[in-house]
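To keep things clear, I will list the structure first and then write my remarks on it.
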Amino acid sequence: MKLQKIGNVMEGQDGAIWNNLIFRFNHAAKCAVYDATAMRNGDSTALAYFELDKKDLIMPHSNAVFFGNEYYEEGDEFPLLYSNVYNNYKFDKDRQPGKCCVYRLQRDGEGFKTTLLQVIEIGFVYDETLWCSKEKNDTRDYGNFVIDREKGIYYAFTMIDDIRLSRYFAFNLPKCRDGQDDEKLGVKVVVLNKEDIIDQFDCEYHRFIQGACASNGKIYSLEGFGHDKVNIPALRIINPETKEQELFEAFENFDSPTEPELIDFWDGVCYYGDNPGNMYIITEF
């Protein structure tokens, strides 16, 4: 694996790329937009900034952000945008684990705007036979999510501390008009229950999951903290078809020991960003 630095983006969490635009989010629902080609040519200037819709009602941490395969309306430039709530409510009575927000992303003059359309929720986050440890005291039981756009599969995965494994679940990707009306949020809510699972498997324990994406049928999952010798900043490649891990690579091997956050593919190129905002291209997996 090789890393080539190409520029800098806003400090933050995960992001997603579409139409050559890099969308970088932070934990407070703010996004900065960059031109990927311009960045590779030395220009890291942000094109625009915007905030996610209804953040006062539900605010994603954006630990995992990705585009889906469905467009809200014919002619839309961008497919639906997904961002998970993760641990933004960890100190609240309702911690809201297992939730992911679905948005319509549109141009707004020279900027961008979003409309919250739906929330997808895992309905068994307190089931110790499936999602969590027996004592229900996992350090990160909030769940990460990615979409296999080609197959229309919605993957959820979580760390289970007592058995030191990460567990993956596959579901058919809900349509954006599916679900029941939620009076508080004013959008549809889809609850994925045990009977909705179409596949599941366990994999090596991921130490503090960060950003993630799916490409060519494989899941690319970042993990770890910056300059941490135990929870090492690293990348894993998981193959859901074989249910096996194909790669584990520590970023410290590439003189990049900072917290990994953003990963996505565009036009066959893998883009990677860390928490401080350094952007790279990854080649030769």
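Identifiers in the structure tokens: chain A, B, ... in order shown; residue index from 1 per chain; ligand index from 1 in order shown.
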May I have a table of the residues of range 155-194 of chain A lying at most 9 Å from range 141-149 of chain A, giving each one's closest pair of atoms and their distance in Å to one decimal, counting only C-alpha atoms, ordered by chain and ascending residue number, as JSON lines?
{"residue": "A:Tyr155", "atom": "CA", "partner": "A:Val146", "partner_atom": "CA", "distance": 5.3}
{"residue": "A:Ala156", "atom": "CA", "partner": "A:Phe145", "partner_atom": "CA", "distance": 4.5}
{"residue": "A:Phe157", "atom": "CA", "partner": "A:Asn144", "partner_atom": "CA", "distance": 5.4}
{"residue": "A:Thr158", "atom": "CA", "partner": "A:Gly143", "partner_atom": "CA", "distance": 4.8}
{"residue": "A:Met159", "atom": "CA", "partner": "A:Asp141", "partner_atom": "CA", "distance": 6.2}
{"residue": "A:Ile160", "atom": "CA", "partner": "A:Asp141", "partner_atom": "CA", "distance": 7.3}
{"residue": "A:Leu173", "atom": "CA", "partner": "A:Ile147", "partner_atom": "CA", "distance": 7.7}
Contacts of Leu262 in chain A at 10 Å or less, counting only C-alpha atoms, minus same-chain residues fewer than 3 places along, as a ChimeraX atom specification? /A:12-16,23-25,62-65,210-213,221-222,259,271-275,277-280
Of A:Lys90, A:His206, A:Arg104, A:Lys113, the one nearest to Tyr168 in chain A when counting only C-alpha atoms is A:His206
Please tabulate, as a tab-separated table, the residues of range 112-199 of chain A that come within 9 Å of range 39-54 of chain A, each with its closest pair of atoms and the distance in Å to one decimal, counting only C-alpha atoms and ordering rows by chain, then residue number upward.
residue	atom	partner	partner_atom	distance
A:Phe112	CA	A:Phe50	CA	6.3
A:Lys113	CA	A:Phe50	CA	6.6
A:Thr114	CA	A:Asp53	CA	5.5
A:Thr115	CA	A:Asp53	CA	5.4
A:Leu116	CA	A:Asp53	CA	5.6
A:Leu185	CA	A:Lys54	CA	8.0
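Note that DSSP on the backbone gives strand (DSSP E or B) to these residues of range 36-71 of chain A: Ala48, Tyr49, Phe50, Glu51, Val65, Phe66 and Phe67 of chain A.
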So the first atom is CA of Leu57 in chain A and the second is CA of Lys93 in chain A; what is the distance between them in Å, to one decimal place?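 We find that CA of Leu57 in chain A and CA of Lys93 in chain A lie 15.2 Å from each other.
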Skipping near chain neighbours, those fewer than 3 positions away, what residues fall within 8 Å of Phe171 in chain A using only C-alpha atoms, listed as a PyMOL selection string? chain A and resi 153-155+192+196-199
Take the residues that were just selected and, keeping C-alpha atoms, output them as a tab-separated table (two decimals), in the first residue's frame.
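The file below, selection.tsv, is the result:
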chain	number	residue	atom	x	y	z
A	153	ILE	CA	-27.04	-3.90	0.24
A	154	TYR	CA	-26.93	-1.87	3.44
A	155	TYR	CA	-24.19	-3.10	5.79
A	192	LEU	CA	-34.37	-2.87	10.61
A	196	ASP	CA	-34.62	-8.21	8.06
A	197	ILE	CA	-31.06	-9.59	8.26
A	198	ILE	CA	-30.11	-11.28	4.99
A	199	ASP	CA	-26.57	-12.20	6.07
Quick one, how far is CA of Gly75 in chain A from CA of Gln106 in chain A? 10.8 Å
Name all residues at most 12 Å from Asp181 in chain A (count only C-alpha atoms; drop same-chain ones fewer than 3 positions away) and give them as a list in words.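 Those residues are Leu117, Gln118, Val119, Arg177, Asp178, Lys184, Leu185, Gly186, Val187, Lys188, Val189, Val190 and Val191 of chain A.
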When you count only C-alpha atoms, which of these residues is closest to Trp131 in chain A: A:Asp161, A:Glu246, A:Asp35, A:Glu195?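 Among the listed residues, the smallest separation from Trp131 in chain A belongs to A:Asp161.
Residues in contact with Tyr126 in chain A at up to 10 Å, not including ones fewer than 4 positions away on its chain and judged by only C-alpha atoms, are Pro97, Gly98, Ile122, Leu130, Trp131, Cys132, Ser133, Lys134, Glu135, Lys136 and Asp141 of chain A.
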Which polymer residues have any atom within 10 Å of an atom of Glu204 in chain A, counting only C-alpha atoms, with same-chain residues fewer than 5 positions away left out, as a ChimeraX atom specification? /A:159,164-167,236,238,244-245,248
Report, in Å with one decimal, the straight-line distance from CA of Tyr86 in chain A to CA of Cys100 in chain A.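 The value is 8.0 Å.
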